[in-house]
Amino acid sequence: MSHIVAQDAALHVHEVGGKAVALSRLSGFGFNPPAFFVIRADAFETDEAVPGLDDAIAGLGEGPFAVRSSARQEDGAEHSHAGQFDTVLNVAAKDVWQAAMQVWKSGFSETVATYRAVKSGGSAEGPAVIVQRMIDAVSAGVAFSADPVTGQRGQVVISAIDGLGERLVSGEEDGEDWRVGATVCGPSDPKVLTKEQAQAVADLARKAEARFGAPQDIEWAFDADGLHILQSRPITTALLPEPQPDTSLTIFDNSNIVESYPGMVSPLTYSFAVHVYARVYRAFVSLLGVSDHTIATNSAVFGNMLGRVDGRVYYNLVNWYRALALLPGFSLNRAYMETMMGVSTPMPDEVTSAIGPPPAQGAARVREYLKLVKVGAGLLWQAVRLPKTRARLYDRLNAALDGGFDTETAGPTALAAEYRRIESTLLDRWDAPLVNDFLCMIAFGASRNLLEKWLGPEGLVLHNDVMIGQGDIISAEPAQRIAKMGLMVRDAGIADALREQGLGALDAQPEIAQEVRSYLVKFGDRCTEELKLESIPLSEDPTSLLQAIAASASRSVVASHDGRDPDWDELFPKNPIKRFCAKWIITWTKARVRDRENLRFERTRIFGYTRRVFLALGREFEARGLLAARRDVFFLTTEEVLGAVEGYGLSPNLKALVELRKAEDAAAALRPDPPERIELRGPAIAPAWEETPVELDAAKQRTATGCSAGQVKARARVIRDPRTEALAPGDILVARHTDPGWIAVFSNASAIVVERGSLLSHSAIVARELGIPCVVGLKGATQWISDGEMISVDGATGQVERCDADV
């Protein structure tokens, strides 16, 4: 029998050892490892080179060569013997026999004897020896198709090093670490591998696992020709059980909700929002004719309309779609219903085809239309009753919020009871805003489409214009009052003092101080990110208000831009029916837009009151040693807080929960915002995503949604946090998103450009009320526009142009 075995004949472990068999199988599987042959272990019983060695070496090429061990127990399923035998690299053809003899003799070393005594037992023996064409590696390393430390399957762990991988395997140097699961995670500044190369190595390890039928530990290398697998052995450490398949799809999307809950959101705010959404949207579908039985059957849908991804709030779109599918008429026009979700990317067919009834046909179609007629009649009745419904809501609001309850002196039980009262009297009976918002959405779209159809592009300009200057939208009042206080500060000559000293500058100005106090009484709950319970309202820190007043004092007087009453006779001189319809629908739409904003202010009052209740509970928990500080309450959920008072709480160690969540949120805050949309399979508790690099747009001009007419050319100011960044009078505000707390910034802006939003966004409505141009939905605006550059904004057409600095 020949002492030299070709790679395609290296099939038996007792003849050529485990490593050689694995390499032969790799070759047979089509992996194409570097060419090799094996010298059987019994060839080394004499010091004479075996016959045929020179021919076998010549068959591999010119060299150099790698000479490795392949013992019978090496690279087995139970014991790998990794690193126990010698390996000799970069061996010239003339030195192969000497190197092979060295490797064989290493089987009798003390190191191997000790390993066998501990791991596998058995007497010492020399291994078979592999002679393999040497790879001129640019980079090399090891990869595990499952994590050998945590035992988690589906996670490829890679360690890479420049040049040959032997220094890594031997422990001489540490490698560059990568983890590849649903996404590729590596160092922030990789030196050895690119992201694409790490993915290629992971794919190779997974392919080896699939071929061998068990998780694999592979060695690999990149040379000028690409990626090579050098060897593959089973992972010998215990792994977790293989999870059962779960391909259910979850889609997280923050297209719209980011306006209400931007950036990091505390556990308390998130849990409160989940609770509010569940209650409010159960009421909404009931309002549209969905039966109580159907709502109860789908209670899990309403309880899971949101998700928290890396500390940020997202819509759970699949559940939103499920809720939408419950509505009467869904089977008649799926496409129109889907537009109600208001997301920028359509739902995949996989979701839309599996949820909801099929398109109605025959008698089923007639029944659906009858349901729609019933819903329409109900909505019409709700529209007629809306003034009374709204009045009753205000009565409940004022009774609940102005009832004289003192959060500063109340104990925990009374505070928990007060929250429950707010929950039952307001959150469960949020009828007027629901009715008005739905009617507003229909009326706004219908009136806009009608004017465009009857008057063309001028109809859209007219639609924007007539929405300005209603005078009774409460969202515009802050800017008007800031402008008034700015004039008073200018006349008193204390703008600089107000910037530097804050409220102290008003000690000698009782009239201005009274105006500020009056503002804070009414709008003290308003602040940036006001729907986040952890946000600090103006009542606690009025700095941003005072800075806005000081900036307004430095601004030249701007002529008010009141909405004009159209000359309906001139617009429709020969068609009194169109004239009547257009006038009526515009008037009614303006009322719905006004009520929408005014009722949203009442929502702010509820959230402000809820904030005070929970902060008071935090104070009581701190006093009792349950929390280290009162604001730590924001790191608990509503159920954890209330459960601690009412008796159903699970753990008394609230401090440990707080510390855990503080650490999680601190780490998440350092990471970039996740993408707008995330799709994942299986359990949705730990979503992963690929980070997509921002591509700089060199275009000079872009167009989005124009929602407040007017043209302005001025300096752009990119504002990400209005609490720490200022806008000089006359600048154009450029932001990712805004909320009512930005009103202090709005008051100094000559125009507004926002990445997110729609025609009914708060920024659009306030801009129309203030008479300043506004463009929303300009994706990537804060990257496209540089801070300080000159831009022009057309709020009617939605066109934004970057101008040369010297123009």
# chains A, B, ... in the order shown; residues from 1 in each chain; ligands from 1
$ residues_around --residues "Val373 of chain A" --least-positions-apart "4" --cutoff "12 Å" --atoms "only C-alpha atoms" --output "count of residues only"
12
$ residues_around --residues "Met488 of chain A" --least-positions-apart "2" --cutoff "10 Å" --atoms "only C-alpha atoms" --output "number ranges by chain"
A: 482-486, 490-495, 509, 511-512, 515, 549, 553
$ write_last_selection --atoms "all heavy atoms" --output "CSV table (one decimal), in the first residue's frame"
chain,number,residue,atom,x,y,z
A,482,ILE,N,-45.5,85.4,21.8
A,482,ILE,CA,-44.0,85.6,21.8
A,482,ILE,C,-43.6,86.9,21.1
A,482,ILE,O,-42.8,87.7,21.5
A,482,ILE,CB,-43.3,84.4,21.2
A,482,ILE,CG1,-43.4,83.2,22.2
A,482,ILE,CG2,-41.8,84.7,20.9
A,482,ILE,CD1,-42.9,81.9,21.7
A,483,ALA,N,-44.3,87.1,19.9
A,483,ALA,CA,-44.0,88.3,19.1
A,483,ALA,C,-44.4,89.6,19.9
A,483,ALA,O,-43.7,90.6,20.0
A,483,ALA,CB,-44.8,88.3,17.8
A,484,LYS,N,-45.5,89.5,20.6
A,484,LYS,CA,-46.0,90.6,21.5
A,484,LYS,C,-45.0,90.9,22.6
A,484,LYS,O,-44.6,92.0,22.8
A,484,LYS,CB,-47.4,90.3,22.0
A,484,LYS,CG,-47.9,91.4,23.0
A,484,LYS,CD,-49.2,91.0,23.6
A,484,LYS,CE,-49.6,92.0,24.7
A,484,LYS,NZ,-50.9,91.6,25.3
A,485,MET,N,-44.5,89.8,23.3
A,485,MET,CA,-43.6,90.0,24.4
A,485,MET,C,-42.2,90.5,23.8
A,485,MET,O,-41.5,91.2,24.5
A,485,MET,CB,-43.4,88.7,25.1
A,485,MET,CG,-44.7,88.4,26.0
A,485,MET,SD,-44.5,86.9,27.0
A,485,MET,CE,-44.7,85.6,25.8
A,486,GLY,N,-41.9,90.0,22.6
A,486,GLY,CA,-40.6,90.5,22.0
A,486,GLY,C,-40.6,92.0,21.8
A,486,GLY,O,-39.6,92.7,22.0
A,490,ARG,N,-38.1,94.7,23.5
A,490,ARG,CA,-37.4,95.6,22.6
A,490,ARG,C,-37.6,97.0,23.2
A,490,ARG,O,-36.6,97.8,23.3
A,490,ARG,CB,-37.8,95.5,21.2
A,490,ARG,CG,-37.1,96.5,20.3
A,490,ARG,CD,-37.8,96.7,19.0
A,490,ARG,NE,-37.8,95.5,18.2
A,490,ARG,CZ,-38.5,95.4,17.0
A,490,ARG,NH1,-39.1,96.4,16.5
A,490,ARG,NH2,-38.5,94.2,16.4
A,491,ASP,N,-38.8,97.4,23.4
A,491,ASP,CA,-39.1,98.8,23.9
A,491,ASP,C,-38.4,99.0,25.3
A,491,ASP,O,-37.9,100.1,25.6
A,491,ASP,CB,-40.6,99.0,24.1
A,491,ASP,CG,-41.3,99.0,22.7
A,491,ASP,OD1,-40.6,99.2,21.7
A,491,ASP,OD2,-42.5,98.8,22.7
A,492,ALA,N,-38.3,98.0,26.1
A,492,ALA,CA,-37.6,98.1,27.4
A,492,ALA,C,-36.1,98.0,27.3
A,492,ALA,O,-35.4,98.3,28.3
A,492,ALA,CB,-38.1,97.0,28.4
A,493,GLY,N,-35.6,97.6,26.1
A,493,GLY,CA,-34.2,97.5,25.9
A,493,GLY,C,-33.5,96.4,26.8
A,493,GLY,O,-32.3,96.6,27.2
A,494,ILE,N,-34.1,95.3,27.0
A,494,ILE,CA,-33.6,94.3,27.9
A,494,ILE,C,-33.3,92.9,27.2
A,494,ILE,O,-33.2,91.9,27.9
A,494,ILE,CB,-34.5,94.1,29.2
A,494,ILE,CG1,-35.9,93.6,28.7
A,494,ILE,CG2,-34.6,95.3,30.0
A,494,ILE,CD1,-36.7,93.1,29.9
A,495,ALA,N,-33.3,92.9,25.9
A,495,ALA,CA,-33.1,91.7,25.2
A,495,ALA,C,-31.8,90.9,25.6
A,495,ALA,O,-31.9,89.7,25.9
A,495,ALA,CB,-33.1,91.9,23.7
A,509,GLN,N,-39.5,94.7,35.5
A,509,GLN,CA,-40.4,94.8,34.4
A,509,GLN,C,-41.7,94.0,34.7
A,509,GLN,O,-42.0,92.9,34.1
A,509,GLN,CB,-39.8,94.3,33.1
A,509,GLN,CG,-38.5,94.9,32.7
A,509,GLN,CD,-38.7,96.4,32.2
A,509,GLN,OE1,-39.8,96.8,31.8
A,509,GLN,NE2,-37.7,97.2,32.4
A,511,GLU,N,-44.9,94.3,33.9
A,511,GLU,CA,-45.8,94.0,32.8
A,511,GLU,C,-45.4,92.9,32.0
A,511,GLU,O,-46.1,92.0,31.6
A,511,GLU,CB,-46.0,95.3,32.0
A,511,GLU,CG,-46.8,96.4,32.6
A,511,GLU,CD,-47.1,97.5,31.7
A,511,GLU,OE1,-47.0,97.3,30.4
A,511,GLU,OE2,-47.4,98.6,32.1
A,512,ILE,N,-44.1,92.9,31.7
A,512,ILE,CA,-43.5,91.8,30.9
A,512,ILE,C,-43.5,90.5,31.7
A,512,ILE,O,-43.9,89.4,31.2
A,512,ILE,CB,-42.1,92.1,30.4
A,512,ILE,CG1,-42.1,93.4,29.6
A,512,ILE,CG2,-41.5,90.9,29.6
A,512,ILE,CD1,-40.7,93.8,29.2
A,515,GLU,N,-46.9,89.0,31.6
A,515,GLU,CA,-47.2,88.3,30.3
A,515,GLU,C,-46.5,87.0,30.3
A,515,GLU,O,-47.1,86.0,29.8
A,515,GLU,CB,-46.6,89.2,29.2
A,515,GLU,CG,-47.5,90.5,28.9
A,515,GLU,CD,-48.8,90.1,28.3
A,515,GLU,OE1,-48.9,89.0,27.6
A,515,GLU,OE2,-49.7,90.9,28.4
A,549,ILE,N,-38.2,84.9,23.1
A,549,ILE,CA,-38.7,86.3,23.2
A,549,ILE,C,-37.6,87.2,22.9
A,549,ILE,O,-37.8,88.2,22.2
A,549,ILE,CB,-39.2,86.5,24.7
A,549,ILE,CG1,-40.5,85.6,24.9
A,549,ILE,CG2,-39.5,88.0,24.9
A,549,ILE,CD1,-40.9,85.6,26.4
A,553,ALA,N,-37.3,90.0,19.9
A,553,ALA,CA,-37.1,91.4,20.1
A,553,ALA,C,-36.1,91.9,19.1
A,553,ALA,O,-36.2,93.1,18.8
A,553,ALA,CB,-36.6,91.6,21.5
$ select_by_dssp --residues "segment 311-424 of chain A" --states "strand (DSSP E or B)" --output "PyMOL selection string"
chain A and resi 312-316
$ write_last_selection --atoms "all heavy atoms" --output "CSV table (one decimal), in the first residue's frame"
chain,number,residue,atom,x,y,z
A,312,ARG,N,-36.4,53.6,20.5
A,312,ARG,CA,-37.2,54.5,19.6
A,312,ARG,C,-38.5,53.9,19.4
A,312,ARG,O,-38.6,52.6,19.3
A,312,ARG,CB,-36.5,54.8,18.3
A,312,ARG,CG,-35.3,55.8,18.4
A,312,ARG,CD,-34.1,55.1,18.8
A,312,ARG,NE,-32.9,56.0,18.6
A,312,ARG,CZ,-31.7,55.6,18.9
A,312,ARG,NH1,-31.4,54.5,19.6
A,312,ARG,NH2,-30.6,56.4,18.7
A,313,VAL,N,-39.6,54.7,19.2
A,313,VAL,CA,-41.0,54.1,19.1
A,313,VAL,C,-41.3,54.0,17.6
A,313,VAL,O,-41.0,54.9,16.8
A,313,VAL,CB,-42.0,55.1,19.8
A,313,VAL,CG1,-43.4,54.6,19.5
A,313,VAL,CG2,-41.8,55.1,21.3
A,314,TYR,N,-41.9,52.8,17.3
A,314,TYR,CA,-42.3,52.5,15.9
A,314,TYR,C,-43.7,52.0,15.9
A,314,TYR,O,-44.2,51.5,16.9
A,314,TYR,CB,-41.4,51.4,15.3
A,314,TYR,CG,-40.0,51.9,14.8
A,314,TYR,CD1,-39.1,52.3,15.7
A,314,TYR,CD2,-39.7,51.9,13.5
A,314,TYR,CE1,-37.8,52.7,15.3
A,314,TYR,CE2,-38.5,52.3,13.0
A,314,TYR,CZ,-37.5,52.7,13.9
A,314,TYR,OH,-36.3,53.1,13.5
A,315,TYR,N,-44.4,52.2,14.7
A,315,TYR,CA,-45.6,51.5,14.5
A,315,TYR,C,-45.4,50.0,14.2
A,315,TYR,O,-44.4,49.7,13.4
A,315,TYR,CB,-46.4,52.1,13.3
A,315,TYR,CG,-47.1,53.4,13.6
A,315,TYR,CD1,-47.0,54.5,12.7
A,315,TYR,CD2,-47.8,53.7,14.8
A,315,TYR,CE1,-47.6,55.7,12.9
A,315,TYR,CE2,-48.4,54.9,15.0
A,315,TYR,CZ,-48.3,55.9,14.1
A,315,TYR,OH,-48.9,57.1,14.3
A,316,ASN,N,-46.2,49.1,14.7
A,316,ASN,CA,-46.1,47.7,14.3
A,316,ASN,C,-47.1,47.6,13.1
A,316,ASN,O,-48.3,47.4,13.3
A,316,ASN,CB,-46.5,46.8,15.4
A,316,ASN,CG,-46.4,45.3,15.1
A,316,ASN,OD1,-46.5,45.0,13.9
A,316,ASN,ND2,-46.2,44.5,16.1
$ atom_distance --atom1 "atom CA of Arg334 of chain A" --atom2 "atom CA of Trp320 of chain A"
13.5 Å
$ residues_around --residues "Ala505 of chain A" --least-positions-apart "5" --cutoff "10 Å" --atoms "only C-alpha atoms" --output "ChimeraX atom specification"
/A:494-500,513
$ residues_around --residues "Cys527 of chain A" --least-positions-apart "4" --cutoff "6 Å" --atoms "only C-alpha atoms" --output "PDB file with all heavy atoms, in the first residue's frame"
ATOM      1  N   PRO A 537     -41.093  70.364  30.893  1.00  0.00           N
ATOM      2  CA  PRO A 537     -41.971  71.394  30.323  1.00  0.00           C
ATOM      3  C   PRO A 537     -41.485  72.800  30.646  1.00  0.00           C
ATOM      4  O   PRO A 537     -40.627  73.013  31.505  1.00  0.00           O
ATOM      5  CB  PRO A 537     -43.315  71.095  30.985  1.00  0.00           C
ATOM      6  CG  PRO A 537     -42.946  70.488  32.298  1.00  0.00           C
ATOM      7  CD  PRO A 537     -41.700  69.684  32.052  1.00  0.00           C
ATOM      8  N   LEU A 538     -42.091  73.761  29.957  1.00  0.00           N
ATOM      9  CA  LEU A 538     -41.741  75.166  30.182  1.00  0.00           C
ATOM     10  C   LEU A 538     -42.014  75.590  31.620  1.00  0.00           C
ATOM     11  O   LEU A 538     -41.326  76.460  32.154  1.00  0.00           O
ATOM     12  CB  LEU A 538     -42.538  76.058  29.229  1.00  0.00           C
ATOM     13  CG  LEU A 538     -42.158  76.013  27.746  1.00  0.00           C
ATOM     14  CD1 LEU A 538     -43.112  76.881  26.942  1.00  0.00           C
ATOM     15  CD2 LEU A 538     -40.725  76.453  27.548  1.00  0.00           C
ATOM     16  N   GLY A 741     -43.801  71.837  20.585  1.00  0.00           N
ATOM     17  CA  GLY A 741     -42.777  72.461  21.410  1.00  0.00           C
ATOM     18  C   GLY A 741     -41.788  73.294  20.629  1.00  0.00           C
ATOM     19  O   GLY A 741     -40.990  74.032  21.213  1.00  0.00           O
TER      20      GLY A 741
END
$ residues_around --residues "Ile791 of chain A" --least-positions-apart "6" --cutoff "10 Å" --atoms "only C-alpha atoms" --output "MDAnalysis selection string"
chainID A and resid 700:701 712:716 731:732 785 800:805 807
$ write_last_selection --atoms "N, CA and C atoms" --output "PDB file, in the first residue's frame"
ATOM      1  N   LYS A 700     -29.265  70.516  -7.018  1.00  0.00           N
ATOM      2  CA  LYS A 700     -29.454  71.911  -6.607  1.00  0.00           C
ATOM      3  C   LYS A 700     -30.902  72.194  -6.215  1.00  0.00           C
ATOM      4  N   GLN A 701     -31.814  71.329  -6.679  1.00  0.00           N
ATOM      5  CA  GLN A 701     -33.230  71.624  -6.481  1.00  0.00           C
ATOM      6  C   GLN A 701     -34.000  70.331  -6.236  1.00  0.00           C
ATOM      7  N   VAL A 712     -39.481  82.479  -0.110  1.00  0.00           N
ATOM      8  CA  VAL A 712     -38.474  83.099   0.750  1.00  0.00           C
ATOM      9  C   VAL A 712     -37.107  82.611   0.310  1.00  0.00           C
ATOM     10  N   LYS A 713     -36.147  83.531   0.324  1.00  0.00           N
ATOM     11  CA  LYS A 713     -34.750  83.169   0.107  1.00  0.00           C
ATOM     12  C   LYS A 713     -33.969  83.697   1.305  1.00  0.00           C
ATOM     13  N   ALA A 714     -33.323  82.773   2.017  1.00  0.00           N
ATOM     14  CA  ALA A 714     -32.630  83.187   3.241  1.00  0.00           C
ATOM     15  C   ALA A 714     -31.632  82.096   3.646  1.00  0.00           C
ATOM     16  N   ARG A 715     -30.990  82.351   4.770  1.00  0.00           N
ATOM     17  CA  ARG A 715     -29.996  81.428   5.284  1.00  0.00           C
ATOM     18  C   ARG A 715     -30.682  80.237   5.958  1.00  0.00           C
ATOM     19  N   ALA A 716     -30.206  79.025   5.676  1.00  0.00           N
ATOM     20  CA  ALA A 716     -30.767  77.811   6.279  1.00  0.00           C
ATOM     21  C   ALA A 716     -30.100  77.532   7.619  1.00  0.00           C
ATOM     22  N   ASP A 731     -34.064  83.411   9.576  1.00  0.00           N
ATOM     23  CA  ASP A 731     -33.491  82.171   9.034  1.00  0.00           C
ATOM     24  C   ASP A 731     -34.601  81.215   8.601  1.00  0.00           C
ATOM     25  N   ILE A 732     -34.229  80.288   7.718  1.00  0.00           N
ATOM     26  CA  ILE A 732     -35.148  79.225   7.317  1.00  0.00           C
ATOM     27  C   ILE A 732     -34.865  77.996   8.188  1.00  0.00           C
ATOM     28  N   ILE A 785     -29.157  69.716   2.820  1.00  0.00           N
ATOM     29  CA  ILE A 785     -28.934  71.154   3.039  1.00  0.00           C
ATOM     30  C   ILE A 785     -27.889  71.328   4.127  1.00  0.00           C
ATOM     31  N   VAL A 800     -37.635  73.443  -3.238  1.00  0.00           N
ATOM     32  CA  VAL A 800     -36.549  73.968  -2.413  1.00  0.00           C
ATOM     33  C   VAL A 800     -35.290  73.955  -3.256  1.00  0.00           C
ATOM     34  N   GLU A 801     -34.585  75.085  -3.284  1.00  0.00           N
ATOM     35  CA  GLU A 801     -33.390  75.197  -4.120  1.00  0.00           C
ATOM     36  C   GLU A 801     -32.214  75.677  -3.284  1.00  0.00           C
ATOM     37  N   ARG A 802     -31.082  75.021  -3.482  1.00  0.00           N
ATOM     38  CA  ARG A 802     -29.836  75.448  -2.825  1.00  0.00           C
ATOM     39  C   ARG A 802     -29.184  76.501  -3.710  1.00  0.00           C
ATOM     40  N   CYS A 803     -28.946  77.663  -3.144  1.00  0.00           N
ATOM     41  CA  CYS A 803     -28.392  78.774  -3.910  1.00  0.00           C
ATOM     42  C   CYS A 803     -26.895  78.910  -3.596  1.00  0.00           C
ATOM     43  N   ASP A 804     -26.163  79.532  -4.501  1.00  0.00           N
ATOM     44  CA  ASP A 804     -24.755  79.836  -4.233  1.00  0.00           C
ATOM     45  C   ASP A 804     -24.671  80.860  -3.120  1.00  0.00           C
ATOM     46  N   ALA A 805     -23.660  80.731  -2.308  1.00  0.00           N
ATOM     47  CA  ALA A 805     -23.536  81.598  -1.132  1.00  0.00           C
ATOM     48  C   ALA A 805     -23.449  83.068  -1.497  1.00  0.00           C
ATOM     49  N   VAL A 807     -24.937  84.534  -4.025  1.00  0.00           N
ATOM     50  CA  VAL A 807     -26.063  85.022  -4.809  1.00  0.00           C
ATOM     51  C   VAL A 807     -26.969  85.876  -3.936  1.00  0.00           C
TER      52      VAL A 807
END
$ closest_residue --among "A:Phe607, A:Asn32, A:Ala43, A:Leu60" --to "Leu227 of chain A" --atoms "only C-alpha atoms"
A:Asn32
